[in-house]
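Enquirer: Sharing target04.txt below, compact mmCIF, C-alpha atoms and all ligand atoms:
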# COMPACT_ATOMS: atom_id res chain seq x y z
CA MET A 1 26.35 51.44 20.63
CA THR A 2 23.81 51.54 23.43
CA ASP A 3 21.63 48.48 23.86
CA LYS A 4 18.51 50.66 23.40
CA LYS A 5 19.14 50.21 19.68
CA GLN A 6 20.45 46.63 19.89
CA ASN A 7 19.04 44.50 17.11
CA VAL A 8 16.36 42.32 18.66
CA TRP A 9 17.25 39.31 16.50
CA ASP A 10 20.89 39.47 17.66
CA MET A 11 19.63 39.81 21.20
CA THR A 12 17.33 36.80 20.86
CA LEU A 13 20.09 34.69 19.35
CA GLU A 14 22.47 35.76 22.13
CA ARG A 15 19.94 34.47 24.66
CA LEU A 16 19.26 31.29 22.69
CA ASP A 17 23.00 30.60 22.44
CA SER A 18 23.59 30.99 26.15
CA THR A 19 20.64 28.69 26.88
CA MET A 20 21.93 26.11 24.39
CA ASP A 21 25.38 26.33 26.01
CA LEU A 22 23.83 24.80 29.14
CA LEU A 23 22.37 21.87 27.22
CA ASN A 24 24.04 18.95 25.57
CA LEU A 25 22.94 19.68 22.01
CA THR A 26 24.65 18.64 18.79
CA PRO A 27 26.04 21.42 16.57
CA GLY A 28 23.36 20.47 14.01
CA ILE A 29 20.46 21.00 16.42
CA ARG A 30 21.98 24.31 17.48
CA LYS A 31 22.13 25.43 13.86
CA TYR A 32 18.58 24.24 13.31
CA LEU A 33 17.20 26.31 16.19
CA ARG A 34 19.09 29.45 15.16
CA GLN A 35 17.51 29.48 11.71
CA PRO A 36 13.85 30.27 10.92
CA ARG A 37 12.21 27.61 8.79
CA LYS A 38 10.60 30.03 6.36
CA VAL A 39 10.94 33.77 5.82
CA LEU A 40 8.45 35.41 3.53
CA GLU A 41 8.73 39.08 2.56
CA VAL A 42 5.99 40.61 0.46
CA ALA A 43 5.19 43.97 -1.10
CA VAL A 44 1.75 45.00 0.13
CA THR A 45 0.30 47.26 -2.53
CA VAL A 46 -2.61 49.39 -1.38
CA LYS A 47 -4.98 51.70 -3.22
CA MET A 48 -5.12 54.76 -0.97
CA ASP A 49 -8.12 57.03 -0.48
CA ASN A 50 -6.50 59.77 -2.60
CA GLY A 51 -6.51 57.44 -5.61
CA ASP A 52 -2.75 56.85 -5.59
CA ILE A 53 -1.06 53.60 -4.58
CA ASP A 54 1.30 53.00 -1.69
CA ILE A 55 3.49 49.97 -0.98
CA PHE A 56 4.25 48.61 2.48
CA THR A 57 6.66 45.79 3.32
CA GLY A 58 5.04 42.77 4.97
CA TYR A 59 6.45 39.60 6.50
CA ARG A 60 5.30 36.20 7.67
CA ILE A 61 7.99 34.11 9.27
CA GLN A 62 7.80 30.59 10.62
CA HIS A 63 10.58 29.88 13.05
CA ASN A 64 9.76 26.27 13.90
CA THR A 65 6.89 23.91 13.12
CA ASN A 66 8.07 20.65 14.68
CA ARG A 67 5.52 20.61 17.49
CA GLY A 68 2.59 21.79 15.39
CA PRO A 69 1.46 24.54 13.01
CA GLY A 70 3.15 27.92 13.17
CA LYS A 71 1.43 30.29 15.59
CA GLY A 72 1.87 33.95 16.29
CA GLY A 73 0.50 37.42 15.91
CA ILE A 74 0.63 40.00 13.17
CA ARG A 75 2.08 43.37 14.07
CA TYR A 76 1.32 46.67 12.32
CA HIS A 77 3.93 49.19 13.40
CA GLN A 78 6.18 51.65 11.64
CA ASP A 79 9.33 50.09 13.14
CA VAL A 80 8.63 46.52 12.00
CA THR A 81 11.68 44.90 10.37
CA ARG A 82 12.50 41.45 9.12
CA ASP A 83 14.84 40.92 12.09
CA GLU A 84 12.19 41.96 14.58
CA ILE A 85 9.67 39.50 13.13
CA LYS A 86 12.31 36.74 13.07
CA ALA A 87 12.99 37.34 16.76
CA LEU A 88 9.31 37.41 17.68
CA ALA A 89 8.73 34.17 15.73
CA LEU A 90 11.52 32.47 17.68
CA LEU A 91 10.02 33.72 20.94
CA MET A 92 6.66 32.21 19.85
CA THR A 93 8.34 28.80 19.42
CA LEU A 94 9.64 29.02 22.99
CA LYS A 95 6.38 30.45 24.36
CA CYS A 96 4.12 27.75 22.91
CA THR A 97 6.54 25.13 24.17
CA VAL A 98 6.82 26.58 27.69
CA VAL A 99 3.03 26.37 28.15
CA GLY A 100 2.91 23.01 26.37
CA ILE A 101 0.46 23.83 23.60
CA PRO A 102 0.88 21.96 20.29
CA PHE A 103 2.06 24.83 18.12
CA GLY A 104 5.29 25.98 16.59
CA GLY A 105 6.38 29.61 16.41
CA ALA A 106 5.59 32.19 13.75
CA LYS A 107 5.05 35.92 13.46
CA GLY A 108 3.99 38.43 10.86
CA GLY A 109 4.02 42.14 10.44
CA ILE A 110 3.79 45.13 8.18
CA ALA A 111 6.02 48.20 8.46
CA VAL A 112 3.23 50.77 8.64
CA ASP A 113 1.80 53.22 11.13
CA PRO A 114 -1.82 52.00 11.19
CA LYS A 115 -2.96 55.22 12.85
CA LYS A 116 -2.15 57.06 9.63
CA LEU A 117 -4.51 54.90 7.53
CA SER A 118 -8.27 55.29 7.11
CA LEU A 119 -10.43 52.28 7.97
CA LYS A 120 -10.81 51.52 4.27
CA GLU A 121 -7.05 51.69 3.68
CA LEU A 122 -6.46 49.44 6.69
CA GLU A 123 -8.90 46.90 5.28
CA ASN A 124 -7.38 47.10 1.78
CA MET A 125 -3.90 46.62 3.21
CA THR A 126 -4.95 43.68 5.38
CA ARG A 127 -6.71 41.91 2.53
CA ARG A 128 -3.80 42.44 0.12
CA TYR A 129 -1.30 41.22 2.74
CA THR A 130 -3.45 38.13 3.34
CA PHE A 131 -3.53 37.45 -0.38
CA GLU A 132 0.26 37.74 -0.59
CA ILE A 133 0.84 35.21 2.22
CA ILE A 134 -2.19 33.00 1.51
CA ASN A 135 -0.29 29.85 0.55
CA ASN A 136 1.74 29.97 3.75
CA ILE A 137 -1.09 30.24 6.28
CA GLY A 138 -3.97 27.92 7.18
CA PRO A 139 -5.49 26.16 10.19
CA GLU A 140 -3.01 23.28 9.91
CA LYS A 141 -0.09 25.37 8.63
CA ASP A 142 0.30 28.68 10.35
CA ILE A 143 -2.33 30.58 12.30
CA PRO A 144 -2.06 34.37 12.74
CA ALA A 145 -3.51 36.34 15.66
CA PRO A 146 -3.58 39.95 16.86
CA ASP A 147 -0.45 41.72 18.10
CA VAL A 148 0.60 45.37 18.47
CA GLY A 149 -1.48 47.50 16.05
CA THR A 150 -3.95 44.76 15.04
CA ASN A 151 -7.23 43.58 16.56
CA SER A 152 -10.23 41.29 16.08
CA GLN A 153 -11.51 43.34 13.11
CA VAL A 154 -8.20 42.80 11.30
CA MET A 155 -8.51 39.06 12.04
CA ALA A 156 -12.06 39.09 10.59
CA TRP A 157 -10.73 40.61 7.33
CA ILE A 158 -7.95 37.98 7.14
CA MET A 159 -10.45 35.20 7.75
CA ASP A 160 -12.80 36.59 5.10
CA THR A 161 -10.08 36.98 2.46
CA TYR A 162 -8.75 33.48 3.12
CA SER A 163 -12.27 32.00 3.11
CA ILE A 164 -13.23 33.67 -0.18
CA ASP A 165 -10.10 32.19 -1.76
CA LYS A 166 -11.01 28.70 -0.47
CA GLY A 167 -14.71 28.98 -1.34
CA TYR A 168 -15.98 28.23 2.18
CA ALA A 169 -15.69 29.75 5.66
CA VAL A 170 -12.41 28.84 7.39
CA PRO A 171 -12.59 30.35 10.89
CA GLY A 172 -9.57 28.30 12.05
CA VAL A 173 -7.14 30.28 9.89
CA VAL A 174 -6.84 32.98 12.57
CA THR A 175 -7.44 33.35 16.30
CA GLY A 176 -8.43 36.47 18.16
CA LYS A 177 -11.51 36.70 15.92
CA PRO A 178 -14.69 38.52 16.94
CA ILE A 179 -16.93 36.29 19.08
CA GLU A 180 -19.57 36.39 16.31
CA LEU A 181 -17.14 34.64 13.94
CA GLY A 182 -16.00 31.91 16.31
CA GLY A 183 -13.72 33.86 18.62
CA SER A 184 -13.21 32.63 22.18
CA LEU A 185 -14.67 34.32 25.20
CA GLY A 186 -11.81 35.76 27.23
CA ARG A 187 -9.33 36.00 24.31
CA GLU A 188 -9.36 39.81 24.37
CA TYR A 189 -7.82 39.99 27.85
CA ALA A 190 -6.10 36.57 27.95
CA THR A 191 -2.53 37.87 27.68
CA SER A 192 -3.14 40.15 30.65
CA LEU A 193 -4.95 37.54 32.73
CA GLY A 194 -2.13 35.06 32.09
CA CYS A 195 0.38 37.73 33.13
CA VAL A 196 -1.56 38.35 36.35
CA TYR A 197 -1.63 34.61 37.10
CA THR A 198 2.16 34.49 36.83
CA ILE A 199 2.42 37.50 39.16
CA LEU A 200 0.16 35.76 41.70
CA SER A 201 2.30 32.61 41.53
CA THR A 202 5.43 34.72 42.02
CA LEU A 203 3.96 36.37 45.11
CA LYS A 204 3.07 32.93 46.42
CA VAL A 205 6.52 31.38 45.99
CA LYS A 206 8.14 34.50 47.39
CA GLU A 207 5.65 34.54 50.27
CA ILE A 208 4.75 38.18 49.64
CA ASP A 209 1.45 39.42 51.03
CA THR A 210 -0.66 40.97 48.26
CA THR A 211 -2.11 43.73 50.43
CA ASP A 212 -1.33 47.25 49.20
CA LEU A 213 1.14 46.19 46.54
CA THR A 214 1.86 48.93 44.03
CA VAL A 215 2.14 48.44 40.27
CA ALA A 216 3.43 50.57 37.38
CA ILE A 217 2.44 49.60 33.85
CA GLN A 218 4.22 50.77 30.71
CA GLY A 219 1.75 50.78 27.79
CA PHE A 220 -2.01 51.23 27.88
CA GLY A 221 -2.99 49.24 24.79
CA ASN A 222 -4.99 46.03 24.99
CA VAL A 223 -2.44 44.24 27.18
CA GLY A 224 -1.47 47.14 29.47
CA TYR A 225 -5.04 48.30 30.00
CA ASN A 226 -6.33 44.82 30.83
CA CYS A 227 -3.43 44.17 33.23
CA ALA A 228 -4.28 47.44 34.98
CA ARG A 229 -7.99 46.63 35.11
CA ILE A 230 -7.55 43.06 36.41
CA LEU A 231 -4.99 44.04 39.05
CA TYR A 232 -7.14 47.00 40.15
CA ASP A 233 -10.13 44.66 40.55
CA LEU A 234 -7.96 42.36 42.68
CA GLY A 235 -7.06 45.26 44.98
CA PHE A 236 -3.57 46.12 43.74
CA ILE A 237 -2.70 49.82 43.66
CA VAL A 238 -1.95 50.87 40.09
CA VAL A 239 0.23 53.92 40.73
CA ALA A 240 1.24 54.71 37.15
CA VAL A 241 0.41 53.93 33.53
CA SER A 242 1.81 55.30 30.29
CA ASP A 243 1.30 55.35 26.54
CA VAL A 244 3.45 56.68 23.68
CA ASP A 245 2.56 60.28 24.53
CA GLY A 246 3.22 60.31 28.27
CA ALA A 247 2.68 58.83 31.71
CA ILE A 248 0.44 59.56 34.69
CA PHE A 249 1.01 58.91 38.38
CA ASN A 250 -1.03 58.83 41.57
CA ASN A 251 0.50 57.28 44.68
CA LYS A 252 -2.99 56.52 46.03
CA GLY A 253 -3.81 54.59 42.87
CA LEU A 254 -5.40 55.26 39.49
CA ASN A 255 -8.76 53.88 38.39
CA PRO A 256 -7.93 52.19 35.03
CA TYR A 257 -11.57 52.26 33.88
CA LYS A 258 -11.66 56.06 34.27
CA VAL A 259 -8.21 56.43 32.71
CA ALA A 260 -9.46 54.44 29.69
CA ASP A 261 -12.50 56.74 29.37
CA HIS A 262 -10.18 59.75 29.47
CA ARG A 263 -7.86 58.13 26.89
CA ASP A 264 -10.80 57.33 24.59
CA LYS A 265 -11.95 60.96 24.74
CA THR A 266 -8.56 62.67 24.38
CA GLY A 267 -6.39 60.10 22.60
CA SER A 268 -3.88 59.78 25.48
CA VAL A 269 -3.65 58.94 29.18
CA LYS A 270 -1.93 62.33 29.61
CA GLY A 271 -3.87 65.09 31.33
CA TYR A 272 -5.98 62.69 33.43
CA ASN A 273 -7.58 64.73 36.22
CA ASP A 274 -7.04 62.28 39.09
CA GLY A 275 -3.29 61.91 38.60
CA GLU A 276 -0.24 63.95 37.73
CA ASP A 277 1.56 63.90 34.40
CA ILE A 278 5.10 62.59 34.69
CA GLU A 279 7.87 62.14 32.15
CA ARG A 280 6.99 59.06 30.08
CA ASP A 281 10.05 56.89 30.67
CA SER A 282 10.35 57.82 34.33
CA LEU A 283 7.52 55.33 34.91
CA LEU A 284 10.03 52.49 34.62
CA THR A 285 12.10 53.68 37.56
CA LEU A 286 9.26 54.61 39.92
CA ASP A 287 9.22 53.34 43.46
CA CYS A 288 6.74 50.44 43.19
CA ASP A 289 6.53 46.73 43.96
CA ILE A 290 5.73 45.36 40.51
CA LEU A 291 6.69 46.76 37.12
CA ILE A 292 4.87 45.56 34.00
CA PRO A 293 6.40 46.56 30.67
CA ALA A 294 3.47 46.06 28.28
CA ALA A 295 4.68 47.95 25.21
CA LEU A 296 7.59 47.17 22.90
CA GLU A 297 11.11 45.71 22.91
CA ASN A 298 14.28 47.27 24.41
CA GLN A 299 12.69 49.38 27.14
CA ILE A 300 14.75 48.32 30.14
CA VAL A 301 18.31 48.83 29.00
CA GLN A 302 21.78 49.23 30.44
CA GLY A 303 21.13 52.95 30.98
CA ASN A 304 18.08 52.60 33.26
CA ALA A 305 18.29 49.03 34.67
CA ASP A 306 20.21 50.06 37.78
CA ASP A 307 17.52 52.62 38.64
CA ILE A 308 14.66 50.13 38.63
CA LYS A 309 13.13 49.92 42.08
CA ALA A 310 10.45 47.28 41.56
CA LYS A 311 11.36 43.87 42.98
CA ILE A 312 9.27 41.98 40.40
CA ILE A 313 9.14 42.65 36.66
CA ALA A 314 6.42 40.91 34.66
CA GLU A 315 7.17 40.94 30.93
CA ALA A 316 3.73 41.39 29.42
CA ALA A 317 5.50 42.68 26.28
CA ASN A 318 7.89 40.61 24.20
CA ALA A 319 11.61 41.26 24.83
CA PRO A 320 11.27 44.52 26.82
CA ILE A 321 14.57 43.86 28.67
CA THR A 322 17.93 43.70 26.90
CA PRO A 323 20.47 41.02 27.93
CA LYS A 324 22.83 43.69 29.31
CA ALA A 325 20.05 45.18 31.42
CA GLU A 326 19.03 41.75 32.62
CA LYS A 327 22.50 41.10 34.07
CA ILE A 328 22.10 44.26 36.15
CA LEU A 329 18.58 43.31 37.28
CA VAL A 330 19.64 39.80 38.27
CA GLY A 331 22.59 41.32 40.16
CA ASN A 332 20.12 43.55 42.01
CA ASP A 333 18.01 40.51 42.93
CA ILE A 334 15.01 41.56 40.85
CA PHE A 335 12.72 38.68 39.92
CA VAL A 336 11.92 38.79 36.19
CA ILE A 337 8.97 36.76 34.91
CA PRO A 338 10.13 36.23 31.31
CA ASP A 339 7.94 37.01 28.28
CA THR A 340 7.89 33.38 27.12
CA LEU A 341 6.00 32.53 30.30
CA CYS A 342 4.48 35.82 31.43
CA ASN A 343 2.61 36.75 28.25
CA ALA A 344 1.82 33.21 27.06
CA GLY A 345 -1.81 33.53 28.17
CA GLY A 346 -2.71 35.16 24.86
CA VAL A 347 -1.51 32.31 22.70
CA THR A 348 -2.93 29.79 25.19
CA VAL A 349 -6.45 31.16 24.73
CA SER A 350 -5.72 31.32 20.98
CA TYR A 351 -5.15 27.60 21.26
CA PHE A 352 -8.48 27.27 23.10
CA GLU A 353 -10.13 29.23 20.30
CA TRP A 354 -8.62 26.92 17.69
CA VAL A 355 -9.72 23.83 19.64
CA GLN A 356 -13.25 25.18 20.16
CA GLY A 357 -13.47 26.06 16.45
CA ASN A 358 -12.26 22.59 15.40
CA LEU A 359 -14.90 20.98 17.64
CA SER A 360 -17.59 23.60 16.86
CA TYR A 361 -18.25 23.53 20.58
CA PHE A 362 -17.75 26.71 22.56
CA TRP A 363 -16.89 27.05 26.23
CA SER A 364 -18.15 29.48 28.85
CA GLU A 365 -15.91 32.36 29.91
CA ARG A 366 -15.53 30.66 33.28
CA GLU A 367 -14.24 27.49 31.63
CA VAL A 368 -11.75 29.46 29.53
CA LYS A 369 -10.42 31.21 32.64
CA LEU A 370 -10.14 28.00 34.66
CA ARG A 371 -8.29 26.19 31.89
CA LEU A 372 -6.01 29.19 31.39
CA ARG A 373 -5.20 29.26 35.08
CA ASP A 374 -4.38 25.52 35.02
CA ILE A 375 -1.98 25.91 32.12
CA MET A 376 -0.33 29.10 33.41
CA ASP A 377 0.14 27.71 36.93
CA LYS A 378 1.54 24.43 35.63
CA ALA A 379 3.98 26.26 33.35
CA PHE A 380 5.00 28.65 36.12
CA TYR A 381 5.82 25.88 38.57
CA GLU A 382 7.64 23.83 35.93
CA VAL A 383 9.83 26.80 35.06
CA TYR A 384 10.30 27.70 38.71
CA LYS A 385 11.43 24.16 39.48
CA VAL A 386 14.04 24.24 36.71
CA ALA A 387 15.19 27.62 38.05
CA GLN A 388 15.56 26.21 41.57
CA ASP A 389 17.11 22.89 40.54
CA ARG A 390 19.63 24.39 38.17
CA LYS A 391 20.15 27.63 40.07
CA VAL A 392 19.35 29.85 37.11
CA ASP A 393 17.01 32.80 36.60
CA MET A 394 13.47 32.30 35.30
CA ARG A 395 14.28 33.27 31.69
CA THR A 396 17.10 30.78 31.48
CA ALA A 397 14.86 28.15 33.09
CA ALA A 398 12.03 28.79 30.61
CA GLY A 399 14.56 28.65 27.78
CA LEU A 400 16.07 25.37 29.00
CA LEU A 401 12.64 23.78 29.29
CA ALA A 402 11.51 24.97 25.86
CA VAL A 403 14.72 24.28 23.95
CA GLU A 404 14.94 20.77 25.37
CA ARG A 405 11.35 20.02 24.33
CA VAL A 406 11.75 21.43 20.83
CA ALA A 407 15.08 19.64 20.34
CA LYS A 408 13.39 16.40 21.35
CA ALA A 409 10.57 16.99 18.85
CA ILE A 410 13.14 17.63 16.10
CA LYS A 411 15.01 14.43 16.94
CA LEU A 412 11.82 12.33 17.13
CA ARG A 413 10.59 13.54 13.77
CA GLY A 414 14.01 13.16 12.18
CA ILE A 415 15.25 14.98 9.13
CA TYR A 416 13.58 14.50 5.78
CA PRO A 417 14.54 12.73 3.53
N1 LIG B 501 0.60 38.25 19.65
C1 LIG B 501 0.47 37.44 20.81
C2 LIG B 501 1.83 37.03 21.34
O1 LIG B 501 2.84 37.66 21.06
C3 LIG B 501 -0.49 36.26 20.60
C4 LIG B 501 -0.11 35.28 19.53
C5 LIG B 501 -1.21 34.25 19.25
O2 LIG B 501 -2.22 34.23 19.92
O3 LIG B 501 -0.98 33.48 18.32
O4 LIG B 501 1.95 36.12 22.10
Kindly present the structure from the file in structure tokens form.

Expert:
Amino acid sequence: MTDKKQNVWDMTLERLDSTMDLLNLTPGIRKYLRQPRKVLEVAVTVKMDNGDIDIFTGYRIQHNTNRGPGKGGIRYHQDVTRDEIKALALLMTLKCTVVGIPFGGAKGGIAVDPKKLSLKELENMTRRYTFEIINNIGPEKDIPAPDVGTNSQVMAWIMDTYSIDKGYAVPGVVTGKPIELGGSLGREYATSLGCVYTILSTLKVKEIDTTDLTVAIQGFGNVGYNCARILYDLGFIVVAVSDVDGAIFNNKGLNPYKVADHRDKTGSVKGYNDGEDIERDSLLTLDCDILIPAALENQIVQGNADDIKAKIIAEAANAPITPKAEKILVGNDIFVIPDTLCNAGGVTVSYFEWVQGNLSYFWSEREVKLRLRDIMDKAFYEVYKVAQDRKVDMRTAAGLLAVERVAKAIKLRGIYP
């Protein structure tokens, strides 16, 4: 079987196991970390616009809550499975730990193509899903946020449904809310800004001059678009972007703002007048300095890893590189900034949103950005130091740091009863 179809939970466990092999952990702690704490599967029954009902499968999974409440996004995508959500929940445990924010790891999702639903159906589905998981979420328990296929409006519906059940407004039950409901300034583009900070740190440690560096970005959703926009503003040359329908290329650089206008008008980046259409997946193997996968899992696989020309890969998406592909990339001396570090800016500003909401005191956008930069830089250099000291790649280093911290939290709390 090709690793393009490799089960992402198996892949995540494979990586966890090889990280744990490098640490002196008891068999019990190893078992503990391999097992999600709680797996909830619900039938999400929705009254559709045509009067009939439809049923979608939803999940909310808490991988680990030793360091704080569960934290992680909710994904609406037709390919969502229990194993995918388990894997993403485990990655959230590592991610929150790598950046040192006091949360555990969780994730939710519904197997649905949200583009096929009307706005009313989307709202009905979100509210019913919230109702089905209501006893498992809460500001001190488990706090959802946006992910692929969800946005601040979806968070507003979750907050409203939860609040109606409680009898009072509970903004802290979700992050990534609209600003008007207690969202944080900067949350919308935080994942991308955090990713850019890790790229800047990489260029610094590698002593690479930032002038005229070229970037290719897979995915033009919230994360991909904002990465493109921020890097363009900093003077990087964004040579290619893609979405599910295709990819566009211009070796002199694309203007992401204009590409977004074109996408909003036509539904795709394809057919943009100041660039040429190229085959979608050929974006990954373009001749460029930095490659940013900002879409889904299993994109850089055994079959295309050897053709990657970028010297730096920044994982804005979760798990875009398979373990087999990673061996090839490491062999080719490609520097991979792992997802658990690279895309942790989103959950970091989610944490800021939660803190601001708890204090009912809201920060300026400047303050959010400064604090994000502090956390991302600190995490980058901590991971980099482990990588240097132990002579391992950045993913292994991030894993070592996170697993050690979580294992310590488990030991300190002890096992009940
Ligand atoms: N969905 C985002 C992630 O995968 C953000 C999660 C959050 O803010 O809780 O990191």

Enquirer: Tell me, in Å to one decimal, how far CA of Pro293 (chain A) is from CA of Asp21 (chain A).

Expert: 28.1 Å

Enquirer: Would you list the residues that come within 8 Å of ligand LIG 501 (chain B)? Count all atoms listed in the file and give the answer as an mmCIF file with C-alpha atoms, in the frame of the given file.

Expert:
data_model
loop_
_atom_site.group_PDB
_atom_site.id
_atom_site.type_symbol
_atom_site.label_atom_id
_atom_site.label_comp_id
_atom_site.auth_asym_id
_atom_site.auth_seq_id
_atom_site.Cartn_x
_atom_site.Cartn_y
_atom_site.Cartn_z
ATOM 1 C CA LYS A 71 1.430 30.290 15.590
ATOM 2 C CA GLY A 72 1.870 33.950 16.290
ATOM 3 C CA GLY A 73 0.500 37.420 15.910
ATOM 4 C CA ILE A 74 0.630 40.000 13.170
ATOM 5 C CA ARG A 75 2.080 43.370 14.070
ATOM 6 C CA LEU A 88 9.310 37.410 17.680
ATOM 7 C CA MET A 92 6.660 32.210 19.850
ATOM 8 C CA LYS A 95 6.380 30.450 24.360
ATOM 9 C CA LYS A 107 5.050 35.920 13.460
ATOM 10 C CA ILE A 143 -2.330 30.580 12.300
ATOM 11 C CA PRO A 144 -2.060 34.370 12.740
ATOM 12 C CA ALA A 145 -3.510 36.340 15.660
ATOM 13 C CA PRO A 146 -3.580 39.950 16.860
ATOM 14 C CA ASP A 147 -0.450 41.720 18.100
ATOM 15 C CA VAL A 148 0.600 45.370 18.470
ATOM 16 C CA THR A 175 -7.440 33.350 16.300
ATOM 17 C CA GLY A 176 -8.430 36.470 18.160
ATOM 18 C CA THR A 191 -2.530 37.870 27.680
ATOM 19 C CA ALA A 317 5.500 42.680 26.280
ATOM 20 C CA ASN A 318 7.890 40.610 24.200
ATOM 21 C CA ASN A 343 2.610 36.750 28.250
ATOM 22 C CA ALA A 344 1.820 33.210 27.060
ATOM 23 C CA GLY A 345 -1.810 33.530 28.170
ATOM 24 C CA GLY A 346 -2.710 35.160 24.860
ATOM 25 C CA VAL A 347 -1.510 32.310 22.700
ATOM 26 C CA THR A 348 -2.930 29.790 25.190
ATOM 27 C CA VAL A 349 -6.450 31.160 24.730
ATOM 28 C CA SER A 350 -5.720 31.320 20.980
ATOM 29 C CA TYR A 351 -5.150 27.600 21.260
#

Enquirer: So, with all atoms listed in the file as the atoms that count, which of A:Lys166, A:Lys311, A:Arg373, A:Lys31 lies closest to Ile290 (chain A)?

Expert: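 Selected residue with least distance to Ile290 (chain A): A:Lys311.
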
Enquirer: Quick one: of A:Asp393, A:Asp245, A:Asp306, A:Glu140, who's nearest to Gly172 (chain A), counting all atoms listed in the file?

Expert: A:Glu140

Enquirer: Considering only C-alpha atoms, return as a ChimeraX atom specification whatever protein or nucleic-acid residues lie within 10 Å of region 222-234 of chain A, sequence-local ones (same chain, fewer than 3 positions apart) excluded.

Expert: /A:147-149,151,188-196,199,210-211,213-219,237-243,253-257,259-260,292-295,316-317,343,346

Enquirer: One decimal, in Å: what's the spacing between CA of Pro323 (chain A) and CA of Ala247 (chain A)?

Expert: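 So the two atoms, CA of Pro323 (chain A) and CA of Ala247 (chain A), lie 25.5 Å apart.
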
Enquirer: Quick one: of A:Val392, A:Leu286, A:Ile164, A:Ala319, who's nearest to Ile134 (chain A), counting all atoms listed in the file?

Expert: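 Of the candidates, the smallest distance to Ile134 (chain A) is held by A:Ile164.
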
Enquirer: Might I get the box with edges along x, y and z of the file that holds all atoms of region 21-24 of chain A listed there, padded by 8 Å on every side, given as centre and edge lengths in Å to one decimal, as AutoDock Vina command-line options?

Expert:
--center_x 23.9 --center_y 22.6 --center_z 27.4 --size_x 19.0 --size_y 23.4 --size_z 19.6

Enquirer: What does the distance from CA of Val336 (chain A) to CA of Ala409 (chain A) come to in Å, to one decimal?

Expert: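 Separation of CA of Val336 (chain A) and CA of Ala409 (chain A): 27.9 Å.
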
Enquirer: Residues within 10 Å of Gly109 (chain A), please, as number ranges by chain. Count all atoms listed in the file; anything in the same chain fewer than 6 positions from it doesn't count.

Expert: A: 41, 57-61, 73-82, 84-85, 129, 147-150

Enquirer: Save out the residues we just selected, C-alpha atoms, as a PDB file, keeping the file's coordinate frame.

Expert:
ATOM      1  CA  GLU A  41       8.730  39.080   2.560  1.00  0.00           C
ATOM      2  CA  THR A  57       6.660  45.790   3.320  1.00  0.00           C
ATOM      3  CA  GLY A  58       5.040  42.770   4.970  1.00  0.00           C
ATOM      4  CA  TYR A  59       6.450  39.600   6.500  1.00  0.00           C
ATOM      5  CA  ARG A  60       5.300  36.200   7.670  1.00  0.00           C
ATOM      6  CA  ILE A  61       7.990  34.110   9.270  1.00  0.00           C
ATOM      7  CA  GLY A  73       0.500  37.420  15.910  1.00  0.00           C
ATOM      8  CA  ILE A  74       0.630  40.000  13.170  1.00  0.00           C
ATOM      9  CA  ARG A  75       2.080  43.370  14.070  1.00  0.00           C
ATOM     10  CA  TYR A  76       1.320  46.670  12.320  1.00  0.00           C
ATOM     11  CA  HIS A  77       3.930  49.190  13.400  1.00  0.00           C
ATOM     12  CA  GLN A  78       6.180  51.650  11.640  1.00  0.00           C
ATOM     13  CA  ASP A  79       9.330  50.090  13.140  1.00  0.00           C
ATOM     14  CA  VAL A  80       8.630  46.520  12.000  1.00  0.00           C
ATOM     15  CA  THR A  81      11.680  44.900  10.370  1.00  0.00           C
ATOM     16  CA  ARG A  82      12.500  41.450   9.120  1.00  0.00           C
ATOM     17  CA  GLU A  84      12.190  41.960  14.580  1.00  0.00           C
ATOM     18  CA  ILE A  85       9.670  39.500  13.130  1.00  0.00           C
ATOM     19  CA  TYR A 129      -1.300  41.220   2.740  1.00  0.00           C
ATOM     20  CA  ASP A 147      -0.450  41.720  18.100  1.00  0.00           C
ATOM     21  CA  VAL A 148       0.600  45.370  18.470  1.00  0.00           C
ATOM     22  CA  GLY A 149      -1.480  47.500  16.050  1.00  0.00           C
ATOM     23  CA  THR A 150      -3.950  44.760  15.040  1.00  0.00           C
TER      24      THR A 150
END

Enquirer: Just checking: using only C-alpha atoms, which residue out of A:Leu90, A:Lys4, A:Lys270, A:Ser18 ends up closest to Arg37 (chain A)?

Expert: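 Among the listed residues, the smallest separation from Arg37 (chain A) belongs to A:Leu90.
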
Enquirer: Hey, which of A:Ala402, A:Val112, A:Ile29, A:Ile248 ends up closest to Val44 (chain A)? Count only C-alpha atoms.

Expert: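 For Val44 (chain A), the nearest of the given residues is A:Val112.
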
Enquirer: Which is closest to Ile313 (chain A) among A:Gly186, A:Gly331, A:Pro171, A:Pro338, if we use all atoms listed in the file?

Expert: A:Pro338

Enquirer: Counting only C-alpha atoms, which residues have an atom no more than 9 Å from (-4.6, 51.9, -0.5) in the file's coordinates? Please list them as a PyMOL selection string.

Expert: chain A and resi 45-55+117+120-125

Enquirer: For Gln35 (chain A), find every residue with an atom within 10 Å (counting all atoms listed in the file), except residues of its own chain fewer than 5 positions away, and show them as a ChimeraX atom specification.

Expert: /A:13,30,62-64,86,90
